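What follows is the content of protein.txt, which has compact mmCIF, C-alpha atoms and all ligand atoms:
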# COMPACT_ATOMS: atom_id res chain seq x y z
CA ALA P 276 -59.78 87.68 71.26
CA ALA P 277 -62.36 90.37 70.49
CA ALA P 278 -65.78 90.01 72.08
CA PRO P 279 -68.47 88.41 69.93
CA ARG P 280 -70.93 90.80 68.40
CA VAL P 281 -74.64 90.77 69.06
CA LEU P 282 -77.21 92.47 66.87
CA SER P 283 -80.86 92.97 67.67
CA GLY P 284 -83.65 95.25 66.53
CA ILE P 285 -87.09 96.23 67.71
CA GLN P 286 -89.90 98.04 65.92
CA PRO P 287 -91.20 101.37 67.20
CA THR P 288 -94.80 100.36 66.53
CA ALA P 289 -96.40 101.14 69.89
CA ASP P 290 -96.34 103.94 72.45
CA SER P 291 -94.70 101.62 74.94
CA PHE P 292 -92.97 98.26 75.02
CA HIS P 293 -94.83 95.57 76.94
CA LEU P 294 -94.00 93.03 79.61
CA GLY P 295 -93.50 90.30 76.97
CA ASN P 296 -90.98 92.44 75.06
CA TYR P 297 -89.18 93.13 78.32
CA LEU P 298 -88.96 89.59 79.71
CA GLY P 299 -88.58 87.92 76.31
CA ALA P 300 -86.01 90.22 74.72
CA LEU P 301 -85.10 93.65 76.06
CA ARG P 302 -83.94 92.63 79.50
CA GLN P 303 -81.45 90.31 77.79
CA TRP P 304 -80.18 93.23 75.71
CA VAL P 305 -79.02 94.81 78.94
CA SER P 306 -77.07 91.78 80.14
CA LEU P 307 -75.65 90.92 76.69
CA GLN P 308 -73.81 94.22 76.54
CA ASP P 309 -71.50 92.92 79.32
CA THR P 310 -70.22 90.05 77.19
CA HIS P 311 -70.70 91.28 73.62
CA GLU P 312 -70.02 94.21 71.36
CA ALA P 313 -73.68 95.12 71.06
CA PHE P 314 -75.61 96.81 68.26
CA TYR P 315 -79.22 97.64 69.15
CA CYS P 316 -81.41 99.14 66.50
CA VAL P 317 -84.84 100.79 66.54
CA VAL P 318 -86.07 99.53 63.17
CA ASP P 319 -88.24 102.34 61.88
CA LEU P 320 -87.82 101.29 58.23
CA HIS P 321 -89.61 98.06 59.13
CA ALA P 322 -92.40 100.02 60.78
CA ILE P 323 -93.55 101.57 57.48
CA THR P 324 -94.31 98.23 55.82
CA VAL P 325 -97.84 98.87 57.09
CA GLU P 326 -99.69 102.19 56.93
CA HIS P 327 -98.43 104.70 59.50
CA ASP P 328 -98.59 108.31 60.62
CA PRO P 329 -95.26 110.18 60.20
CA GLU P 330 -95.43 112.21 63.43
CA VAL P 331 -96.48 109.16 65.43
CA LEU P 332 -93.60 107.15 63.99
CA ARG P 333 -91.06 109.88 64.74
CA ARG P 334 -92.27 110.10 68.34
CA ARG P 335 -92.40 106.35 68.85
CA SER P 336 -88.83 105.92 67.61
CA LYS P 337 -87.67 108.31 70.32
CA VAL P 338 -89.84 106.77 73.01
CA ALA P 339 -88.52 103.34 72.04
CA ALA P 340 -84.91 104.50 72.27
CA ALA P 341 -85.58 106.25 75.59
CA GLN P 342 -87.06 103.07 77.05
CA LEU P 343 -84.03 101.02 76.00
CA LEU P 344 -81.72 103.46 77.75
CA ALA P 345 -84.02 103.60 80.77
CA MET P 346 -83.91 99.81 81.04
CA GLY P 347 -80.14 99.96 81.31
CA VAL P 348 -78.79 99.74 77.80
CA ASP P 349 -75.66 101.84 78.11
CA PRO P 350 -75.04 104.08 75.09
CA GLU P 351 -71.35 104.24 75.97
CA ARG P 352 -70.90 100.49 75.71
CA ALA P 353 -73.65 99.45 73.30
CA THR P 354 -74.32 101.07 69.95
CA VAL P 355 -77.94 102.22 70.11
CA PHE P 356 -79.32 103.75 66.93
CA VAL P 357 -82.31 104.35 64.71
CA GLN P 358 -82.19 102.32 61.50
CA SER P 359 -83.21 105.10 59.09
CA GLN P 360 -80.21 107.16 60.25
CA VAL P 361 -77.86 104.59 58.71
CA PRO P 362 -78.72 104.58 54.99
CA GLU P 363 -76.58 101.48 54.32
CA HIS P 364 -79.44 99.33 55.66
CA ALA P 365 -81.62 100.18 52.67
CA GLU P 366 -78.71 99.96 50.26
CA LEU P 367 -77.61 96.49 51.31
CA ALA P 368 -81.24 95.34 51.32
CA TRP P 369 -81.43 96.20 47.60
CA VAL P 370 -78.33 94.15 46.82
CA LEU P 371 -79.57 91.19 48.87
CA GLY P 372 -83.01 91.45 47.28
CA CYS P 373 -81.34 90.87 43.93
CA LEU P 374 -79.90 87.64 45.31
CA THR P 375 -83.21 86.37 46.70
CA GLY P 376 -85.55 84.18 44.71
CA PHE P 377 -89.13 85.37 44.41
CA GLY P 378 -90.36 81.95 45.50
CA GLU P 379 -87.82 81.83 48.31
CA ALA P 380 -89.19 85.10 49.76
CA GLY P 381 -92.73 83.86 49.20
CA ARG P 382 -92.09 80.90 51.49
CA MET P 383 -91.61 83.09 54.58
CA THR P 384 -94.41 81.98 56.89
CA GLN P 385 -94.62 85.33 58.70
CA PHE P 386 -95.33 87.07 55.38
CA LYS P 387 -97.90 84.45 54.47
CA ASP P 388 -99.69 84.89 57.81
CA LYS P 389 -99.61 88.69 57.83
CA SER P 390 -100.59 89.12 54.21
CA ALA P 391 -103.42 86.62 54.59
CA LYS P 392 -104.76 88.70 57.49
CA GLN P 393 -104.44 92.00 55.61
CA GLY P 394 -105.68 90.82 52.25
CA GLN P 395 -103.69 91.14 49.03
CA SER P 396 -104.76 94.70 48.18
CA ASN P 397 -103.49 95.99 51.55
CA THR P 398 -100.23 94.07 51.44
CA THR P 399 -97.18 96.08 50.37
CA VAL P 400 -94.11 94.91 48.54
CA GLY P 401 -92.26 96.24 51.60
CA LEU P 402 -93.94 93.62 53.76
CA PHE P 403 -92.86 91.00 51.23
CA THR P 404 -89.22 92.10 51.27
CA TYR P 405 -89.14 92.74 55.04
CA PRO P 406 -86.98 89.65 55.76
CA ILE P 407 -84.44 90.86 53.20
CA LEU P 408 -84.16 94.21 54.99
CA GLN P 409 -83.77 92.23 58.19
CA ALA P 410 -80.93 90.26 56.57
CA ALA P 411 -79.27 93.57 55.67
CA ASP P 412 -79.73 94.86 59.24
CA ILE P 413 -77.77 91.88 60.45
CA LEU P 414 -75.12 91.41 57.77
CA LEU P 415 -73.97 95.03 57.85
CA TYR P 416 -72.52 94.22 61.28
CA SER P 417 -71.02 90.93 60.24
CA PRO P 418 -67.38 90.74 61.24
CA GLU P 419 -65.12 90.57 58.21
CA PRO P 420 -63.84 87.08 57.43
CA GLY P 421 -60.37 86.78 58.85
CA ASP P 422 -61.25 89.04 61.74
CA GLY P 423 -60.06 86.42 64.21
CA GLU P 424 -62.69 83.94 65.26
CA ARG P 425 -65.26 86.66 65.58
CA VAL P 426 -68.92 85.78 65.42
CA LEU P 427 -72.12 87.71 65.08
CA ARG P 428 -74.91 86.41 67.27
CA VAL P 429 -78.58 87.21 66.84
CA PRO P 430 -81.11 86.46 69.59
CA VAL P 431 -84.19 84.87 68.04
CA GLY P 432 -87.55 83.62 69.13
CA GLU P 433 -89.19 80.73 67.27
CA ASP P 434 -91.03 83.13 64.93
CA GLN P 435 -87.77 84.64 63.69
CA ARG P 436 -85.86 81.44 62.99
CA GLN P 437 -86.87 81.23 59.35
CA HIS P 438 -85.75 84.82 58.75
CA LEU P 439 -82.37 84.16 60.31
CA GLU P 440 -82.01 81.05 58.17
CA LEU P 441 -82.66 83.21 55.08
CA THR P 442 -80.03 85.66 56.32
CA ARG P 443 -77.47 82.84 56.57
CA THR P 444 -78.43 81.58 53.12
CA LEU P 445 -77.98 85.06 51.62
CA ALA P 446 -74.62 85.51 53.38
CA ASN P 447 -73.37 82.22 51.95
CA ARG P 448 -74.78 82.97 48.50
CA PHE P 449 -73.09 86.37 48.41
CA ASN P 450 -69.79 84.84 49.54
CA HIS P 451 -70.04 82.12 46.91
CA ARG P 452 -70.76 84.53 44.05
CA PHE P 453 -68.58 87.48 44.97
CA GLY P 454 -65.96 86.19 47.39
CA ASP P 455 -65.83 85.86 51.18
CA THR P 456 -67.49 88.94 52.65
CA PHE P 457 -69.88 87.93 55.42
CA VAL P 458 -69.57 85.61 58.39
CA PRO P 459 -73.01 83.95 58.57
CA PRO P 460 -74.71 84.99 61.83
CA GLU P 461 -75.54 82.52 64.58
CA ALA P 462 -79.00 82.28 66.11
CA PHE P 463 -79.25 81.87 69.84
CA ILE P 464 -81.89 81.94 72.53
CA PRO P 465 -80.65 84.25 75.28
CA GLU P 466 -80.51 82.81 78.76
CA GLY P 467 -83.50 83.66 80.90
CA ALA P 468 -85.77 84.72 78.02
CA ALA P 469 -89.34 84.01 79.13
CA LYS P 470 -92.38 83.66 76.92
CA ILE P 471 -95.24 85.69 78.38
CA THR P 472 -98.90 85.14 77.55
CA ASP P 473 -101.96 87.40 77.49
CA LEU P 474 -103.44 88.08 80.97
CA GLN P 475 -106.98 87.56 79.68
CA GLU P 476 -106.26 84.77 77.19
CA PRO P 477 -103.41 82.94 78.87
CA THR P 478 -102.92 80.47 76.02
CA ALA P 479 -102.17 83.28 73.55
CA LYS P 480 -98.97 85.32 73.39
CA MET P 481 -99.02 88.77 75.00
CA SER P 482 -98.80 90.93 71.89
CA LYS P 483 -99.25 94.57 71.01
CA SER P 484 -101.15 93.67 67.86
CA ALA P 485 -103.37 90.88 69.20
CA SER P 486 -103.89 91.50 72.92
CA SER P 487 -106.75 93.54 74.36
CA PRO P 488 -105.75 96.43 76.68
CA GLN P 489 -106.66 94.25 79.68
CA GLY P 490 -104.44 91.42 78.46
CA ILE P 491 -101.25 93.39 78.07
CA ILE P 492 -99.02 95.27 80.54
CA ASP P 493 -97.14 98.24 79.16
CA VAL P 494 -93.75 99.19 80.53
CA LEU P 495 -94.85 102.83 80.72
CA GLU P 496 -98.25 102.11 82.22
CA GLU P 497 -99.46 103.99 85.31
CA PRO P 498 -99.28 101.99 88.59
CA GLY P 499 -103.04 101.98 89.33
CA PRO P 500 -104.23 100.38 86.08
CA MET P 501 -101.21 98.08 86.07
CA ARG P 502 -102.08 96.67 89.48
CA LYS P 503 -105.71 96.20 88.48
CA LYS P 504 -104.83 94.26 85.37
CA ILE P 505 -102.76 91.79 87.34
CA MET P 506 -105.42 91.42 90.04
CA ARG P 507 -107.95 90.68 87.26
CA ALA P 508 -105.72 88.31 85.31
CA VAL P 509 -107.59 85.17 84.27
CA THR P 510 -106.65 82.15 86.38
CA ASP P 511 -109.00 79.19 86.92
CA THR P 512 -111.60 77.91 89.37
CA GLY P 513 -108.97 76.18 91.51
CA THR P 514 -106.97 77.68 94.33
CA GLU P 515 -103.54 76.13 93.95
CA VAL P 516 -100.50 78.04 92.77
CA VAL P 517 -98.88 75.32 90.67
CA TYR P 518 -97.13 75.30 87.31
CA ASP P 519 -99.27 73.41 84.78
CA GLU P 520 -99.22 74.70 81.20
CA GLU P 521 -102.03 72.40 80.08
CA ASN P 522 -104.61 73.00 82.78
CA LYS P 523 -103.52 76.19 84.52
CA ALA P 524 -102.24 78.46 81.76
CA GLY P 525 -103.08 81.68 83.66
CA VAL P 526 -101.37 80.72 86.91
CA THR P 527 -98.46 79.29 84.94
CA ASN P 528 -97.99 82.60 83.11
CA LEU P 529 -98.09 84.52 86.40
CA LEU P 530 -95.53 82.15 87.89
CA ARG P 531 -93.26 82.72 84.91
CA ILE P 532 -93.59 86.50 85.21
CA PHE P 533 -92.92 86.44 88.94
CA SER P 534 -89.99 84.06 88.65
CA ALA P 535 -88.37 86.13 85.89
CA LEU P 536 -88.81 89.42 87.76
CA GLU P 537 -87.73 88.18 91.17
CA GLY P 538 -85.15 85.66 90.04
CA THR P 539 -86.78 82.96 92.17
CA PRO P 540 -87.14 79.42 90.78
CA ILE P 541 -90.76 78.44 90.12
CA PRO P 542 -90.82 75.51 92.61
CA ASP P 543 -89.83 77.94 95.38
CA LEU P 544 -92.73 80.21 94.46
CA GLU P 545 -95.12 77.24 94.45
CA LYS P 546 -93.98 76.46 97.99
CA ARG P 547 -94.22 80.07 99.15
CA TYR P 548 -97.85 80.37 97.98
CA ALA P 549 -98.94 76.83 98.80
CA ASP P 550 -101.53 77.95 101.35
CA SER P 551 -102.32 81.50 100.33
CA GLY P 552 -104.59 81.31 97.29
CA TYR P 553 -104.47 83.57 94.24
CA GLY P 554 -105.14 86.94 95.90
CA GLN P 555 -101.88 87.35 97.79
CA PHE P 556 -99.97 85.78 94.91
CA LYS P 557 -101.30 88.36 92.46
CA LYS P 558 -100.74 91.23 94.85
CA ASP P 559 -97.08 90.32 95.21
CA ILE P 560 -96.65 89.96 91.45
CA ALA P 561 -98.20 93.38 90.90
CA GLN P 562 -95.67 94.78 93.36
CA ALA P 563 -92.78 93.05 91.58
CA VAL P 564 -93.93 94.48 88.24
CA LEU P 565 -94.23 97.95 89.77
CA ASP P 566 -90.82 97.72 91.42
CA THR P 567 -89.30 96.90 88.03
CA PHE P 568 -91.22 99.29 85.81
CA THR P 569 -91.57 102.39 88.01
CA PRO P 570 -87.90 103.40 87.75
CA ILE P 571 -87.92 102.61 84.01
CA ARG P 572 -91.01 104.77 83.53
CA GLU P 573 -89.51 107.66 85.46
CA ARG P 574 -86.17 107.46 83.69
CA THR P 575 -87.89 107.30 80.29
CA ARG P 576 -89.79 110.45 81.16
CA GLU P 577 -86.56 112.22 82.13
CA LEU P 578 -84.85 111.17 78.92
CA LEU P 579 -87.78 112.39 76.83
CA ALA P 580 -87.82 115.71 78.68
CA ASP P 581 -84.35 116.48 77.29
CA GLU P 582 -84.89 115.76 73.63
CA ALA P 583 -81.68 117.45 72.52
CA GLU P 584 -79.63 115.09 74.69
CA LEU P 585 -81.55 112.05 73.46
CA ASP P 586 -81.01 113.16 69.85
CA ARG P 587 -77.32 113.61 70.59
CA LEU P 588 -77.04 110.07 71.98
CA LEU P 589 -78.86 108.65 68.97
CA ALA P 590 -76.69 110.62 66.55
CA LEU P 591 -73.65 109.20 68.32
CA GLY P 592 -75.05 105.69 67.98
CA ALA P 593 -75.82 106.24 64.30
CA GLU P 594 -72.30 107.49 63.73
CA ARG P 595 -70.75 104.44 65.39
CA ALA P 596 -73.07 102.02 63.58
CA GLY P 597 -72.56 103.95 60.34
CA LYS P 598 -68.80 103.45 60.47
CA VAL P 599 -69.16 99.68 60.65
CA ALA P 600 -71.94 99.67 58.05
CA ALA P 601 -69.97 101.86 55.65
CA ARG P 602 -66.95 99.59 55.87
CA THR P 603 -69.12 96.58 55.01
CA MET P 604 -70.79 98.44 52.16
CA ASP P 605 -67.45 99.54 50.70
CA THR P 606 -66.53 95.89 50.32
CA VAL P 607 -69.98 94.96 49.00
CA ARG P 608 -69.97 97.77 46.44
CA GLU P 609 -66.53 96.87 45.19
CA ARG P 610 -67.39 93.16 44.92
CA VAL P 611 -70.73 93.71 43.23
CA GLY P 612 -69.19 96.00 40.60
CA PHE P 613 -70.29 99.50 41.61
P1 LIG M 701 -95.42 91.95 69.43
O1 LIG M 701 -95.60 90.46 69.40
O2 LIG M 701 -96.05 92.61 70.58
O3 LIG M 701 -95.75 92.56 68.09
P2 LIG M 701 -92.71 92.08 68.54
O4 LIG M 701 -93.05 91.03 67.56
O5 LIG M 701 -92.43 93.46 68.04
O6 LIG M 701 -93.86 92.17 69.63
O7 LIG M 701 -91.51 91.54 69.40
C1 LIG M 701 -90.40 92.28 69.83
C2 LIG M 701 -89.53 91.37 70.67
O8 LIG M 701 -90.22 91.00 71.87
C3 LIG M 701 -89.17 90.06 69.98
O9 LIG M 701 -87.86 89.71 70.36
C4 LIG M 701 -90.15 89.08 70.54
O10 LIG M 701 -89.66 87.76 70.54
C5 LIG M 701 -90.35 89.59 71.96
N1 LIG M 701 -91.70 89.29 72.44
C6 LIG M 701 -92.85 89.83 71.96
N2 LIG M 701 -93.92 89.36 72.64
C7 LIG M 701 -93.42 88.50 73.57
C8 LIG M 701 -94.02 87.69 74.59
N3 LIG M 701 -95.34 87.67 74.78
N4 LIG M 701 -93.22 86.93 75.38
C9 LIG M 701 -91.88 86.94 75.19
N5 LIG M 701 -91.26 87.67 74.26
C10 LIG M 701 -92.00 88.45 73.45
NA NA M 702 -95.14 90.59 66.35
How does this structure look as structure tokens?
Amino acid sequence: AAAPRVLSGIQPTADSFHLGNYLGALRQWVSLQDTHEAFYCVVDLHAITVEHDPEVLRRRSKVAAAQLLAMGVDPERATVFVQSQVPEHAELAWVLGCLTGFGEAGRMTQFKDKSAKQGQSNTTVGLFTYPILQAADILLYSPEPGDGERVLRVPVGEDQRQHLELTRTLANRFNHRFGDTFVPPEAFIPEGAAKITDLQEPTAKMSKSASSPQGIIDVLEEPGPMRKKIMRAVTDTGTEVVYDEENKAGVTNLLRIFSALEGTPIPDLEKRYADSGYGQFKKDIAQAVLDTFTPIRERTRELLADEAELDRLLALGAERAGKVAARTMDTVRERVGF
């Protein structure tokens, strides 16, 4: 039987991915390509739902792609592409938008949160229809019904569950109205995905939009500042390295980071640092972060130094993705009456 497909996207909205992106999502992209036919997309169409600078966006899309390759996503095995280079994404989004109720879209909690923060006059229709574009991103790579027992799997965190549910609803609605076309995608939480919190506010998520520079570790960050941030991470007035989400959120976050990077179970780390206090513990974590990110940073720099080669790889990815997307759209167009 053919390998299951996996589809995932990430926005090019920062100059670097961060430790949370890496341990919560991107590292899994690398391992999933061994067991799945993988489609990984830099979603630049999503990035313009808020105000942006064109040159910055163009650069960030390339830096994002370079980091994915530097982390070990293999462009020979996985299809790595930039969303705007496959026009079917926008086309299918229009069709799906015409199948989505206004109230149904209005119930998306992420839209409600973001638009409340921005205020109504700064909120675009694009932000409102964002989950519909996301549904199109996914369903374009849906295996055709009858294509064996093939499935399309989509890694999701808690905050994306509602959007994936909408995607499934739209797939079923389309099938019901126009005939079997899409296999509804399956949500899954990839093995080993760790939730990472802010180094300065360890009860809040590490996030590019909400974290202060001291609270977030960038993949492309220089070693000196990176080490300092970990040494200055907020812990507590105690001295014990123990996992306790309620009372020791900072230490707990550091344990999670260390365990994920080193592949050591948390109880073993608690034992190892039982008598050493926070200083040595943090020093060793900083080293583990550096050991992981230094080669990624160097490789990213190399990839960006040869822009023609990077463009070639992305064009190749867009061509491969485009073939699958075009096949899906041919069916959609025919069924819809175009
Ligand atoms: P941010 O929250 O910084 O805006 P995104 O929302 O763009 O990041 O998330 C991109 C991917 O990284 C998603 O799969 C998301 O679940 C994951 N991710 C983001 N922040 C974290 C975190 N702190 N811990 C674990 N995973 C995270
Ligand atoms: Na986010």
Practice task
For stretch 597-612 of chain P, list every protein, DNA or RNA residue within 7 Å, evaluated using all atoms listed in the file, and leave out those in the same chain fewer than 2 positions away; present the list as a ChimeraX atom specification.
Solution key: /P:361,363,415-416,453,593-595
Handout entry: Residue among P:Asp581, P:Asp566, P:Glu515, P:Asp388 lying closest to ligand NA 702 (chain M), counting all atoms listed in the file
Key = P:Asp388
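Atom CA of P:Ala322 is found 19.5 Å from atom CA of P:Thr442.
The spacing separating atom CA of P:Leu565 from atom CA of P:Val494 amounts to 9.3 Å.
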Problem - Distance query P:Leu344 at most 12 Å, all atoms listed in the file, self and fewer than 6 positions along chain excluded, as a ChimeraX atom specification - result: /P:301-302,304-305,315,317,337-338,350-356,570-579,585,588-589
